[in-house]
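Undergrad: Provided herewith: target-v1.cif, mmCIF, C-alpha atoms and all ligand atoms.
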```cif
data_model
#
loop_
_atom_site.label_atom_id
_atom_site.label_comp_id
_atom_site.auth_asym_id
_atom_site.auth_seq_id
_atom_site.Cartn_x
_atom_site.Cartn_y
_atom_site.Cartn_z
CA MET H 31 -35.98 8.86 195.07
CA THR H 32 -37.82 8.64 191.75
CA SER H 33 -41.34 9.94 191.39
CA SER H 34 -43.46 11.74 188.86
CA LYS H 35 -44.41 14.06 191.74
CA SER H 36 -41.86 16.04 193.71
CA SER H 37 -39.46 14.30 196.06
CA VAL H 38 -39.73 15.49 199.63
CA LEU H 39 -37.27 15.05 202.46
CA VAL H 40 -38.99 15.28 205.85
CA ILE H 41 -36.61 15.85 208.77
CA GLY H 42 -38.17 14.58 212.01
CA ALA H 43 -39.97 11.41 213.05
CA GLY H 44 -42.07 12.76 215.92
CA ILE H 45 -45.81 13.12 215.56
CA ILE H 46 -45.50 16.08 213.14
CA GLY H 47 -42.88 14.60 210.79
CA ALA H 48 -44.62 11.20 210.81
CA MET H 49 -48.01 12.72 209.97
CA ILE H 50 -46.64 14.94 207.20
CA GLY H 51 -44.52 12.12 205.76
CA TRP H 52 -47.43 9.70 205.74
CA ARG H 53 -49.79 12.21 204.10
CA LEU H 54 -47.26 13.04 201.40
CA ALA H 55 -46.39 9.40 200.71
CA ARG H 56 -50.05 8.52 200.46
CA ALA H 57 -50.52 11.34 197.95
CA GLY H 58 -47.87 9.70 195.76
CA HIS H 59 -44.84 11.87 196.47
CA GLY H 60 -41.40 10.35 196.76
CA VAL H 61 -40.81 10.77 200.50
CA ARG H 62 -37.82 10.13 202.70
CA ILE H 63 -38.20 10.65 206.45
CA VAL H 64 -34.89 11.18 208.18
CA ALA H 65 -34.55 11.55 211.94
CA SER H 66 -32.20 10.93 214.82
CA ARG H 67 -34.96 9.37 216.93
CA ARG H 68 -38.03 7.47 215.74
CA GLY H 69 -41.10 8.41 217.76
CA GLY H 70 -39.81 11.92 218.42
CA ASP H 71 -38.32 13.82 221.31
CA ALA H 72 -41.13 16.04 222.68
CA THR H 73 -43.61 13.49 221.38
CA ALA H 74 -42.09 10.77 223.55
CA ALA H 75 -42.37 12.97 226.66
CA SER H 76 -45.86 14.35 225.96
CA PHE H 77 -48.99 14.27 228.08
CA ALA H 78 -50.79 13.95 224.73
CA TRP H 79 -54.14 15.56 225.54
CA ILE H 80 -56.21 16.28 222.42
CA ASN H 81 -58.17 19.44 223.06
CA ALA H 82 -59.22 22.91 221.94
CA SER H 83 -59.20 24.27 225.43
CA TYR H 84 -58.86 27.64 227.13
CA ASP H 85 -56.82 30.80 226.56
CA ASN H 86 -56.78 30.63 222.77
CA PRO H 87 -58.01 33.16 220.19
CA GLU H 88 -60.87 31.95 218.03
CA PRO H 89 -58.89 31.23 214.80
CA TYR H 90 -56.51 28.99 216.77
CA PHE H 91 -59.50 27.34 218.46
CA ARG H 92 -60.90 26.60 214.96
CA LEU H 93 -57.62 25.01 213.86
CA ARG H 94 -57.61 22.84 216.98
CA ARG H 95 -61.25 21.82 216.44
CA GLN H 96 -60.43 20.80 212.91
CA ALA H 97 -57.51 18.76 214.23
CA MET H 98 -59.74 17.04 216.81
CA GLU H 99 -62.07 16.10 213.99
CA GLY H 100 -59.03 14.90 212.03
CA TRP H 101 -58.16 12.44 214.81
CA ARG H 102 -61.67 11.01 214.68
CA GLU H 103 -61.44 10.56 210.93
CA LEU H 104 -58.04 8.91 211.29
CA ARG H 105 -59.38 6.54 213.88
CA SER H 106 -62.16 5.42 211.58
CA GLU H 107 -59.53 4.82 208.91
CA MET H 108 -57.20 2.99 211.34
CA PRO H 109 -59.45 1.59 214.09
CA ASP H 110 -56.51 0.19 216.05
CA LEU H 111 -54.81 3.59 216.40
CA PRO H 112 -54.24 4.08 220.16
CA ILE H 113 -56.53 7.09 220.54
CA ALA H 114 -59.40 7.47 223.00
CA PHE H 115 -62.01 10.18 223.42
CA ARG H 116 -63.05 9.85 227.05
CA GLY H 117 -63.51 13.53 227.76
CA GLY H 118 -61.76 16.15 229.86
CA LEU H 119 -62.84 17.42 233.30
CA CYS H 120 -61.34 20.78 234.22
CA TRP H 121 -61.46 23.05 237.26
CA ASP H 122 -57.95 24.41 237.09
CA LEU H 123 -59.12 28.02 236.74
CA GLU H 124 -60.43 30.64 239.13
CA PRO H 125 -64.27 30.48 239.23
CA GLU H 126 -64.66 33.63 237.11
CA ALA H 127 -62.18 32.41 234.49
CA LEU H 128 -63.82 28.98 234.42
CA GLN H 129 -67.18 30.64 233.80
CA GLY H 130 -65.67 32.82 231.07
CA PHE H 131 -64.08 29.77 229.42
CA LEU H 132 -67.42 27.96 229.50
CA ARG H 133 -69.37 30.89 228.09
CA GLN H 134 -66.90 31.76 225.34
CA HIS H 135 -66.22 28.22 224.14
CA ALA H 136 -69.91 27.24 224.26
CA SER H 137 -70.62 30.25 222.01
CA TRP H 138 -67.92 28.94 219.61
CA GLY H 139 -69.66 25.56 219.44
CA TYR H 140 -67.37 23.56 221.78
CA ASP H 141 -69.27 20.73 223.48
CA ILE H 142 -68.45 22.14 226.92
CA ARG H 143 -70.83 21.96 229.87
CA ALA H 144 -70.81 22.95 233.52
CA VAL H 145 -70.80 20.13 236.06
CA ASP H 146 -71.44 20.17 239.81
CA ARG H 147 -69.85 18.00 242.46
CA GLU H 148 -72.27 15.13 241.97
CA ALA H 149 -71.79 15.04 238.20
CA ALA H 150 -68.00 15.34 238.55
CA ALA H 151 -68.02 12.38 240.96
CA LEU H 152 -69.99 10.34 238.46
CA LEU H 153 -67.60 11.22 235.65
CA GLU H 154 -64.50 10.51 237.73
CA PRO H 155 -65.38 8.29 240.72
CA GLY H 156 -61.69 7.83 241.48
CA LEU H 157 -61.26 11.42 242.71
CA ALA H 158 -60.80 11.74 246.47
CA ALA H 159 -62.35 15.24 246.49
CA PRO H 160 -64.50 15.99 243.44
CA PRO H 161 -64.75 19.73 242.69
CA ASP H 162 -67.86 21.78 243.53
CA ARG H 163 -67.78 23.30 240.05
CA ALA H 164 -65.98 22.19 236.88
CA VAL H 165 -66.45 22.01 233.14
CA HIS H 166 -66.53 18.86 231.06
CA VAL H 167 -65.82 18.39 227.35
CA ALA H 168 -66.85 14.94 226.12
CA SER H 169 -65.02 15.18 222.77
CA GLU H 170 -61.55 15.68 224.26
CA GLY H 171 -59.17 12.75 224.13
CA VAL H 172 -55.71 11.34 224.16
CA ALA H 173 -53.40 9.79 221.55
CA GLU H 174 -50.76 7.50 223.02
CA PRO H 175 -47.98 9.54 221.47
CA VAL H 176 -45.19 7.11 220.63
CA ALA H 177 -47.42 4.20 219.58
CA THR H 178 -49.45 6.53 217.36
CA THR H 179 -46.32 8.01 215.78
CA LEU H 180 -44.74 4.61 215.14
CA ARG H 181 -47.97 3.45 213.53
CA LEU H 182 -47.96 6.49 211.21
CA LEU H 183 -44.33 5.80 210.29
CA ASP H 184 -45.30 2.22 209.41
CA GLU H 185 -48.17 3.54 207.28
CA ALA H 186 -45.80 5.98 205.57
CA ARG H 187 -43.44 3.13 204.77
CA ALA H 188 -46.32 1.03 203.48
CA SER H 189 -47.24 3.95 201.19
CA GLY H 190 -43.74 3.98 199.74
CA ALA H 191 -41.81 6.35 202.02
CA GLU H 192 -38.17 5.57 202.77
CA LEU H 193 -37.35 5.78 206.44
CA ASP H 194 -33.86 6.80 207.43
CA LEU H 195 -34.07 6.78 211.20
CA GLU H 196 -31.30 7.03 213.79
CA THR H 197 -29.61 9.46 211.39
CA ASN H 198 -28.50 12.90 212.50
CA VAL H 199 -28.83 15.79 210.05
CA THR H 200 -25.93 18.15 210.56
CA ALA H 201 -27.03 20.95 208.22
CA LEU H 202 -29.35 21.85 205.38
CA VAL H 203 -27.80 22.20 201.94
CA GLN H 204 -28.51 25.21 199.74
CA ASP H 205 -27.61 26.24 196.25
CA HIS H 206 -28.13 29.87 195.14
CA GLY H 207 -30.81 30.48 197.78
CA ARG H 208 -32.63 27.22 197.11
CA VAL H 209 -32.59 24.48 199.73
CA THR H 210 -31.79 21.27 197.92
CA GLY H 211 -31.28 18.70 200.64
CA ALA H 212 -29.66 17.88 203.95
CA ARG H 213 -26.23 16.80 205.02
CA CYS H 214 -25.84 13.78 207.34
CA GLY H 215 -22.13 13.62 208.04
CA GLU H 216 -20.51 12.67 204.73
CA ARG H 217 -23.83 11.93 203.05
CA VAL H 218 -26.04 14.48 201.28
CA LEU H 219 -29.70 13.64 200.88
CA ALA H 220 -31.06 15.61 197.90
CA ALA H 221 -34.73 16.46 197.39
CA ASP H 222 -37.00 18.92 195.56
CA ARG H 223 -38.43 20.00 198.90
CA VAL H 224 -37.15 19.82 202.47
CA VAL H 225 -39.64 19.89 205.34
CA VAL H 226 -38.09 20.68 208.70
CA ALA H 227 -40.32 19.08 211.35
CA ALA H 228 -37.55 18.50 213.85
CA GLY H 229 -39.16 20.01 216.98
CA VAL H 230 -36.64 21.95 219.05
CA GLY H 231 -33.90 20.70 216.69
CA SER H 232 -35.47 22.77 213.91
CA ARG H 233 -33.83 25.95 215.13
CA SER H 234 -30.24 24.89 214.43
CA LEU H 235 -31.19 23.23 211.15
CA ALA H 236 -32.83 26.45 209.93
CA ALA H 237 -29.86 28.47 211.18
CA SER H 238 -27.58 26.36 208.96
CA VAL H 239 -29.10 28.16 205.95
CA GLY H 240 -29.31 31.53 207.69
CA VAL H 241 -32.97 31.33 208.80
CA ASP H 242 -33.88 32.40 212.33
CA LEU H 243 -36.66 30.26 213.83
CA PRO H 244 -37.73 31.88 217.11
CA ILE H 245 -38.32 28.71 219.11
CA ASP H 246 -37.85 28.20 222.84
CA ALA H 247 -37.58 24.81 224.52
CA PRO H 248 -39.28 25.01 227.95
CA PRO H 249 -38.87 21.88 230.06
CA GLY H 250 -41.77 19.74 231.28
CA LEU H 251 -41.71 16.97 233.86
CA LEU H 252 -44.31 14.20 234.05
CA VAL H 253 -44.54 11.22 236.42
CA TYR H 254 -45.76 7.73 235.54
CA THR H 255 -47.12 5.21 238.04
CA GLU H 256 -46.82 1.46 237.75
CA PRO H 257 -49.88 -0.04 236.02
CA ALA H 258 -52.94 0.07 238.30
CA PRO H 259 -56.59 -1.00 237.97
CA PRO H 260 -58.86 1.59 236.31
CA ILE H 261 -59.08 4.78 238.43
CA LEU H 262 -59.48 7.63 235.93
CA ASN H 263 -61.79 7.73 232.92
CA GLY H 264 -60.64 10.79 231.00
CA VAL H 265 -58.24 13.70 231.30
CA VAL H 266 -58.50 15.47 234.66
CA LEU H 267 -57.22 19.03 235.13
CA ALA H 268 -57.26 19.88 238.82
CA PRO H 269 -55.42 22.92 240.22
CA GLY H 270 -51.72 22.06 240.10
CA LEU H 271 -52.34 18.46 239.03
CA HIS H 272 -53.21 17.32 235.51
CA MET H 273 -53.58 13.57 235.04
CA ARG H 274 -54.84 10.74 232.91
CA GLN H 275 -54.59 6.97 232.85
CA THR H 276 -53.14 5.05 229.92
CA ASP H 277 -54.73 1.92 228.49
CA ALA H 278 -51.91 0.00 230.15
CA GLY H 279 -53.11 1.37 233.51
CA ARG H 280 -50.32 3.84 234.22
CA ILE H 281 -51.37 7.22 235.57
CA VAL H 282 -49.46 10.04 233.89
CA ALA H 283 -49.42 13.30 235.84
CA GLY H 284 -47.88 16.74 235.70
CA ALA H 285 -48.22 19.94 237.70
CA ASP H 286 -49.54 21.06 234.31
CA PHE H 287 -50.40 18.96 231.25
CA ALA H 288 -47.45 20.63 229.52
CA GLY H 289 -45.26 19.28 232.30
CA GLY H 290 -44.11 20.89 235.54
CA MET H 291 -40.82 22.69 236.03
CA PRO H 292 -38.21 20.17 237.14
CA GLY H 293 -36.30 22.66 239.35
CA ASP H 294 -32.76 21.85 240.47
CA ASP H 295 -33.66 18.32 241.50
CA PRO H 296 -36.04 16.57 239.07
CA ARG H 297 -36.20 13.43 241.23
CA ASP H 298 -37.38 15.52 244.18
CA ALA H 299 -39.92 17.30 241.94
CA ALA H 300 -41.18 13.91 240.72
CA ASP H 301 -41.53 12.57 244.29
CA HIS H 302 -43.43 15.69 245.34
CA LEU H 303 -45.78 15.43 242.34
CA PHE H 304 -46.37 11.75 242.99
CA SER H 305 -47.29 12.49 246.58
CA THR H 306 -49.82 15.12 245.40
CA LEU H 307 -51.23 12.54 242.96
CA ARG H 308 -51.69 9.91 245.65
CA HIS H 309 -53.63 12.31 247.84
CA ALA H 310 -55.88 13.33 244.94
CA LEU H 311 -57.15 9.82 244.27
CA ARG H 312 -59.30 7.50 246.37
CA ASP H 313 -57.00 4.53 246.05
CA GLY H 314 -53.92 6.68 245.77
CA ASP H 315 -52.05 4.86 248.52
CA ARG H 316 -52.03 1.74 246.34
CA LEU H 317 -50.15 3.50 243.58
CA SER H 318 -46.42 3.28 243.15
CA LEU H 319 -44.16 5.53 241.17
CA SER H 320 -42.59 3.96 238.10
CA HIS H 321 -40.54 6.74 236.53
CA TYR H 322 -40.56 10.35 235.42
CA THR H 323 -39.90 11.93 232.04
CA PHE H 324 -38.45 15.26 231.26
CA GLY H 325 -39.20 16.69 227.83
CA ARG H 326 -38.60 19.95 226.03
CA ARG H 327 -41.51 21.47 224.17
CA PRO H 328 -40.94 23.11 220.80
CA MET H 329 -42.42 26.49 221.67
CA PRO H 330 -42.49 29.24 219.04
CA ALA H 331 -41.84 32.64 220.64
CA ASP H 332 -45.50 33.76 220.54
CA GLY H 333 -46.85 30.32 221.46
CA PHE H 334 -48.40 29.61 218.04
CA PRO H 335 -47.28 27.21 215.31
CA ILE H 336 -44.71 28.13 212.67
CA ILE H 337 -45.90 26.41 209.51
CA GLY H 338 -45.17 27.12 205.88
CA PRO H 339 -42.66 27.75 203.12
CA VAL H 340 -39.77 30.02 204.08
CA GLU H 341 -39.55 33.24 202.11
CA GLY H 342 -36.20 33.63 200.36
CA ARG H 343 -35.35 29.90 200.73
CA ASP H 344 -37.12 28.12 197.90
CA GLY H 345 -37.59 24.45 198.59
CA LEU H 346 -37.65 24.88 202.39
CA TYR H 347 -40.81 24.34 204.45
CA VAL H 348 -41.01 24.39 208.27
CA ALA H 349 -43.54 22.82 210.63
CA VAL H 350 -42.84 23.45 214.31
CA THR H 351 -45.44 23.68 217.02
CA HIS H 352 -46.41 23.23 220.63
CA SER H 353 -49.67 21.23 221.06
CA GLY H 354 -48.41 19.04 218.28
CA ILE H 355 -50.33 15.98 219.46
CA THR H 356 -53.62 17.84 219.15
CA LEU H 357 -52.69 19.61 215.93
CA ALA H 358 -50.93 16.84 213.99
CA PRO H 359 -53.83 15.62 211.82
CA ALA H 360 -54.72 19.14 210.66
CA ILE H 361 -51.10 20.18 210.14
CA GLY H 362 -50.26 16.93 208.33
CA ALA H 363 -53.15 17.25 205.91
CA MET H 364 -52.70 20.99 205.27
CA VAL H 365 -48.94 20.82 204.80
CA ALA H 366 -49.25 17.90 202.37
CA ASP H 367 -51.89 19.85 200.41
CA GLU H 368 -49.81 23.04 200.32
CA ILE H 369 -46.76 21.14 199.12
CA ALA H 370 -48.76 19.21 196.52
CA THR H 371 -50.73 22.16 195.11
CA GLY H 372 -48.74 25.25 196.06
CA VAL H 373 -52.05 26.81 197.12
CA PRO H 374 -51.85 28.46 200.57
CA GLU H 375 -54.27 27.09 203.15
CA PRO H 376 -56.20 30.03 204.67
CA LEU H 377 -56.35 28.46 208.15
CA LEU H 378 -52.53 28.49 208.24
CA ALA H 379 -52.24 32.18 207.29
CA PRO H 380 -51.69 33.39 210.90
CA TYR H 381 -48.86 30.90 211.42
CA ARG H 382 -46.26 31.86 208.81
CA LEU H 383 -42.69 32.56 209.88
CA ALA H 384 -42.90 36.00 208.24
CA ARG H 385 -45.05 37.28 211.14
CA PHE H 386 -41.88 37.61 213.23
CA ASN H 387 -40.23 39.95 210.72
C1 LIG Y 401 -44.18 17.48 228.89
C2 LIG Y 401 -44.93 17.77 227.62
C3 LIG Y 401 -46.31 17.75 227.63
C4 LIG Y 401 -47.02 18.03 226.45
N1 LIG Y 401 -48.38 17.93 226.46
C5 LIG Y 401 -49.06 18.08 225.33
C6 LIG Y 401 -50.47 17.83 225.31
O1 LIG Y 401 -51.06 17.46 226.31
N2 LIG Y 401 -51.13 18.01 224.12
C7 LIG Y 401 -50.48 18.37 222.98
O2 LIG Y 401 -51.14 18.51 221.93
N3 LIG Y 401 -49.14 18.61 222.98
C8 LIG Y 401 -48.43 18.47 224.12
N4 LIG Y 401 -47.09 18.67 224.13
C9 LIG Y 401 -46.43 19.17 222.92
C10 LIG Y 401 -46.26 18.08 221.89
O3 LIG Y 401 -45.81 16.89 222.49
C11 LIG Y 401 -45.28 18.58 220.82
O4 LIG Y 401 -45.78 19.75 220.24
C12 LIG Y 401 -45.08 17.54 219.73
O5 LIG Y 401 -44.75 16.28 220.27
C13 LIG Y 401 -44.01 18.01 218.76
O6 LIG Y 401 -43.80 16.99 217.84
P1 LIG Y 401 -42.66 17.12 216.75
O7 LIG Y 401 -42.78 15.94 215.88
O8 LIG Y 401 -42.73 18.47 216.14
O9 LIG Y 401 -41.29 17.13 217.58
P2 LIG Y 401 -40.51 15.98 218.36
O10 LIG Y 401 -41.40 14.97 218.93
O11 LIG Y 401 -39.59 16.68 219.29
O12 LIG Y 401 -39.68 15.25 217.23
C14 LIG Y 401 -38.57 15.88 216.61
C15 LIG Y 401 -37.96 14.89 215.65
O13 LIG Y 401 -36.92 15.55 214.94
C16 LIG Y 401 -35.75 14.76 215.02
N5 LIG Y 401 -34.59 15.66 214.94
C17 LIG Y 401 -34.34 16.80 215.61
N6 LIG Y 401 -33.18 17.35 215.23
C18 LIG Y 401 -32.67 16.51 214.30
C19 LIG Y 401 -31.48 16.49 213.52
N7 LIG Y 401 -30.56 17.46 213.61
N8 LIG Y 401 -31.27 15.44 212.68
C20 LIG Y 401 -32.17 14.46 212.55
N9 LIG Y 401 -33.33 14.43 213.27
C21 LIG Y 401 -33.56 15.43 214.12
C22 LIG Y 401 -35.85 14.00 216.33
O14 LIG Y 401 -35.04 12.84 216.32
C23 LIG Y 401 -37.34 13.68 216.32
O15 LIG Y 401 -37.58 12.52 215.55
C24 LIG Y 401 -46.33 18.36 225.27
C25 LIG Y 401 -44.94 18.34 225.25
C26 LIG Y 401 -44.23 18.04 226.41
C27 LIG Y 401 -42.73 17.97 226.37
#
```
Please express what this file holds, its structure, as structure tokens.
Ligand SMILES: Cc1cc2nc3c(=O)[nH]c(=O)nc-3n(C[C@H](O)[C@H](O)[C@H](O)COP(=O)(O)OP(=O)(O)OC[C@H]3O[C@@H](n4cnc5c(N)ncnc54)[C@H](O)[C@@H]3O)c2cc1C

TA:
Amino acid sequence: MTSSKSSVLVIGAGIIGAMIGWRLARAGHGVRIVASRRGGDATAASFAWINASYDNPEPYFRLRRQAMEGWRELRSEMPDLPIAFRGGLCWDLEPEALQGFLRQHASWGYDIRAVDREAAALLEPGLAAPPDRAVHVASEGVAEPVATTLRLLDEARASGAELDLETNVTALVQDHGRVTGARCGERVLAADRVVVAAGVGSRSLAASVGVDLPIDAPPGLLVYTEPAPPILNGVVLAPGLHMRQTDAGRIVAGADFAGGMPGDDPRDAADHLFSTLRHALRDGDRLSLSHYTFGRRPMPADGFPIIGPVEGRDGLYVAVTHSGITLAPAIGAMVADEIATGVPEPLLAPYRLARFN
């Protein structure tokens, strides 16, 4: 790679690696994206809800809000990006918790409002039993995860990035404490900077240069129906059943948006979930099950992203997170800026690896 700016090797071609690679290439860096699977692993199995929803501390809420805004900006730049903002309807909380979520997030400026049964039925006429009380957030959305990622990879290539996909990285390469590239079998890919955005695969890559990334990989099962006429408008979070409908008409559902536990028999879990889905929708008996997916979420030990340069390993930068579909635009832009300028982004301060020391 030749460039007047630094050369950057991005490992990972899921939503996070694609977004970072594209941002860096567009900023004029020599970029190579290397990955074993284009479109990602967790990304390809994701529910892909874009939100800044409940149970988060305010700084993390702010990061998520910024990311939601980032998706809107991206969509105006690339109008054909498969993203839709059709809102989220939620009643998957005990009444007191739902009220607390509403009050707290409204005070933070989230466009959340309470809805009664009549309003819920208007928002989602396909529900067999609309809830008596729920909350609705109009600005929440969905990014079709693989199509969006592939589009970003194309944009990265168009901006000059080299794509080296279907390539497995076996280890990072270091020289006197500086990470200088990655080994792919016999080949060594050298770079000024190496960004590890390899989802759950990041842990072993970091370990190859003696860095411990505390990442778990909890499983998540989702079911997909065959394409059906429009039934759902936005994201629906009912107790024990989170669902949405793709533009192609498939309903995607999980016991939780992050995917249900597959248990000993994933097929049985999928059948059970599909049966719950059918009962929850007015025309549910017309639906048929297409397939289920089983993904592993890259989940840092405390549930928050791990983003930033790694102390003691010059040249190495990591970007691993759950909620990566929501967060990708913010992470992509901030990581590219930090790498380009060396100036730390204050919003990323809580998410450095050093917090685990
Ligand atoms: C069931 C489920 C539901 C989810 N729901 C949501 C949701 O509703 N909203 C949301 O925001 N997030 C959700 N998430 C989380 C989100 O999907 C992830 O945070 C995000 O996709 C992570 O993207 P990534 O690019 O970091 O990783 P991945 O998509 O896992 O991509 C990792 C990349 O690294 C590559 N790689 C790994 N190891 C190596 C190696 N050794 N050599 C070469 N390449 C390697 C892989 O080939 C792949 O290209 C969900 C996840 C799951 C599984």

Undergrad: Taking 6 positions as the minimum chain separation for residues in the same chain, which residues sit within 9 Å of range 55-63 of chain H when counting only C-alpha atoms? Answer as JSON, numbers by chain.

TA: {"H": [31, 32, 33, 34, 35, 36, 37, 38, 39, 40, 41, 42, 43, 47, 48, 183, 185, 186, 187, 188, 189, 190, 191, 192, 193, 194, 195, 221, 366, 367, 370]}

Undergrad: Can you tell me which residues sit at most 6 Å away from ligand LIG 401 (chain Y), counting all atoms listed in the file, written as JSON, numbers by chain?

TA: {"H": [41, 42, 43, 44, 45, 46, 47, 65, 66, 67, 68, 69, 70, 71, 72, 73, 75, 76, 77, 78, 79, 80, 197, 198, 199, 200, 227, 228, 229, 231, 250, 251, 287, 288, 289, 325, 326, 327, 328, 350, 351, 352, 353, 354, 355, 356]}

Undergrad: Would you work out the distance separating CA of Phe91 in chain H from CA of Trp138 in chain H, expressed in Å to one decimal?

TA: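 CA of Trp138 in chain H lies 8.6 Å from CA of Phe91 in chain H.
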
Undergrad: Output as a Markdown table one row per residue of range 191-275 of chain H within 12 Å of range 159-166 of chain H: the closest atom pair and its distance in Å to one decimal place, counting all atoms listed in the file, sorted by chain and residue number ascending.

TA:
```
| residue | atom | partner | partner_atom | distance |
| --- | --- | --- | --- | --- |
| H:Gly264 | CA | H:His166 | CA | 10.0 |
| H:Val265 | CA | H:His166 | CA | 9.8 |
| H:Val266 | CA | H:His166 | CA | 9.4 |
| H:Leu267 | CA | H:Ala164 | CA | 9.5 |
| H:Ala268 | CA | H:Pro161 | CA | 8.4 |
| H:Pro269 | CA | H:Pro161 | CA | 10.2 |
```

Undergrad: Using only C-alpha atoms, find the one residue out of H:Ala300, H:Leu357, H:Thr255, H:Asp286 that sits nearest to Met98 in chain H.

TA: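 Answer, going by the shortest atom-to-atom distance: H:Leu357.
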
Undergrad: So what do you get for CA of Ala258 in chain H versus CA of Leu303 in chain H, distance-wise?

TA: 17.4 Å

Undergrad: Counting all atoms listed in the file, which residues have an atom no more than 10 Å from (-43.2, 7.1, 239.0) in the file's coordinates? Please list them as a list in words.

TA: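 Answer for this query, in the requested form: Leu252, Val253, Tyr254, Thr255, Glu256, Arg280, Ile281, Val282, Ala283, Arg297, Ala300, Asp301, Leu303, Phe304, Leu317, Ser318, Leu319, Ser320, His321, Tyr322 and Thr323 of chain H.
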
Undergrad: So which one's closest to Arg94 in chain H, H:Ala82, H:Ile113, H:Val365, H:Val176? Using only C-alpha atoms, please.

TA: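 Smallest separation from Arg94 in chain H among the options: H:Ala82.
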
Undergrad: Quote the spacing between CA of Val340 in chain H and CA of Gly211 in chain H in Å to one decimal place.

TA: 14.6 Å

Undergrad: Just the residues within 9 Å of range 127-129 of chain H, please, counting all atoms listed in the file, with nothing from its chain fewer than 4 positions along; format it as a PyMOL selection string.

TA: chain H and resi 84+120-123+133-134+144+163-165

Undergrad: Can you pull out every residue within 7 Å of Gly279 in chain H, counting all atoms listed in the file, but drop anything in the same chain fewer than 3 positions away, and send it as a JSON list (two decimals) with C-alpha atoms, keeping the file's coordinate frame?

TA:
```
[["chain", "number", "residue", "atom", "x", "y", "z"],
["H", 257, "PRO", "CA", -49.88, -0.04, 236.02],
["H", 258, "ALA", "CA", -52.94, 0.07, 238.30],
["H", 259, "PRO", "CA", -56.59, -1.00, 237.97],
["H", 260, "PRO", "CA", -58.86, 1.59, 236.31],
["H", 275, "GLN", "CA", -54.59, 6.97, 232.85],
["H", 276, "THR", "CA", -53.14, 5.05, 229.92]]
```

Undergrad: With only C-alpha atoms as the atoms that count, which of H:Leu271, H:Ile142, H:Leu202, H:Ala74 lies nearest to Ala236 in chain H?

TA: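 Smallest distance to Ala236 in chain H is found for H:Leu202.
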
Undergrad: What lies within 12 Å of range 242-245 of chain H using only C-alpha atoms, ignoring chain neighbours under 5 positions off, as a ChimeraX atom specification?

TA: /H:226,228-237,326-337,340-341,343,347-352,382-387

Undergrad: Store the residues picked out above, limited to C-alpha atoms, as a PDB file, in the coordinates of the input.

TA:
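This is the output file result_17.pdb:
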```
ATOM      1  CA  VAL H 226     -38.090  20.680 208.700  1.00  0.00           C
ATOM      2  CA  ALA H 228     -37.550  18.500 213.850  1.00  0.00           C
ATOM      3  CA  GLY H 229     -39.160  20.010 216.980  1.00  0.00           C
ATOM      4  CA  VAL H 230     -36.640  21.950 219.050  1.00  0.00           C
ATOM      5  CA  GLY H 231     -33.900  20.700 216.690  1.00  0.00           C
ATOM      6  CA  SER H 232     -35.470  22.770 213.910  1.00  0.00           C
ATOM      7  CA  ARG H 233     -33.830  25.950 215.130  1.00  0.00           C
ATOM      8  CA  SER H 234     -30.240  24.890 214.430  1.00  0.00           C
ATOM      9  CA  LEU H 235     -31.190  23.230 211.150  1.00  0.00           C
ATOM     10  CA  ALA H 236     -32.830  26.450 209.930  1.00  0.00           C
ATOM     11  CA  ALA H 237     -29.860  28.470 211.180  1.00  0.00           C
ATOM     12  CA  ARG H 326     -38.600  19.950 226.030  1.00  0.00           C
ATOM     13  CA  ARG H 327     -41.510  21.470 224.170  1.00  0.00           C
ATOM     14  CA  PRO H 328     -40.940  23.110 220.800  1.00  0.00           C
ATOM     15  CA  MET H 329     -42.420  26.490 221.670  1.00  0.00           C
ATOM     16  CA  PRO H 330     -42.490  29.240 219.040  1.00  0.00           C
ATOM     17  CA  ALA H 331     -41.840  32.640 220.640  1.00  0.00           C
ATOM     18  CA  ASP H 332     -45.500  33.760 220.540  1.00  0.00           C
ATOM     19  CA  GLY H 333     -46.850  30.320 221.460  1.00  0.00           C
ATOM     20  CA  PHE H 334     -48.400  29.610 218.040  1.00  0.00           C
ATOM     21  CA  PRO H 335     -47.280  27.210 215.310  1.00  0.00           C
ATOM     22  CA  ILE H 336     -44.710  28.130 212.670  1.00  0.00           C
ATOM     23  CA  ILE H 337     -45.900  26.410 209.510  1.00  0.00           C
ATOM     24  CA  VAL H 340     -39.770  30.020 204.080  1.00  0.00           C
ATOM     25  CA  GLU H 341     -39.550  33.240 202.110  1.00  0.00           C
ATOM     26  CA  ARG H 343     -35.350  29.900 200.730  1.00  0.00           C
ATOM     27  CA  TYR H 347     -40.810  24.340 204.450  1.00  0.00           C
ATOM     28  CA  VAL H 348     -41.010  24.390 208.270  1.00  0.00           C
ATOM     29  CA  ALA H 349     -43.540  22.820 210.630  1.00  0.00           C
ATOM     30  CA  VAL H 350     -42.840  23.450 214.310  1.00  0.00           C
ATOM     31  CA  THR H 351     -45.440  23.680 217.020  1.00  0.00           C
ATOM     32  CA  HIS H 352     -46.410  23.230 220.630  1.00  0.00           C
ATOM     33  CA  ARG H 382     -46.260  31.860 208.810  1.00  0.00           C
ATOM     34  CA  LEU H 383     -42.690  32.560 209.880  1.00  0.00           C
ATOM     35  CA  ALA H 384     -42.900  36.000 208.240  1.00  0.00           C
ATOM     36  CA  ARG H 385     -45.050  37.280 211.140  1.00  0.00           C
ATOM     37  CA  PHE H 386     -41.880  37.610 213.230  1.00  0.00           C
ATOM     38  CA  ASN H 387     -40.230  39.950 210.720  1.00  0.00           C
TER      39      ASN H 387
END
```
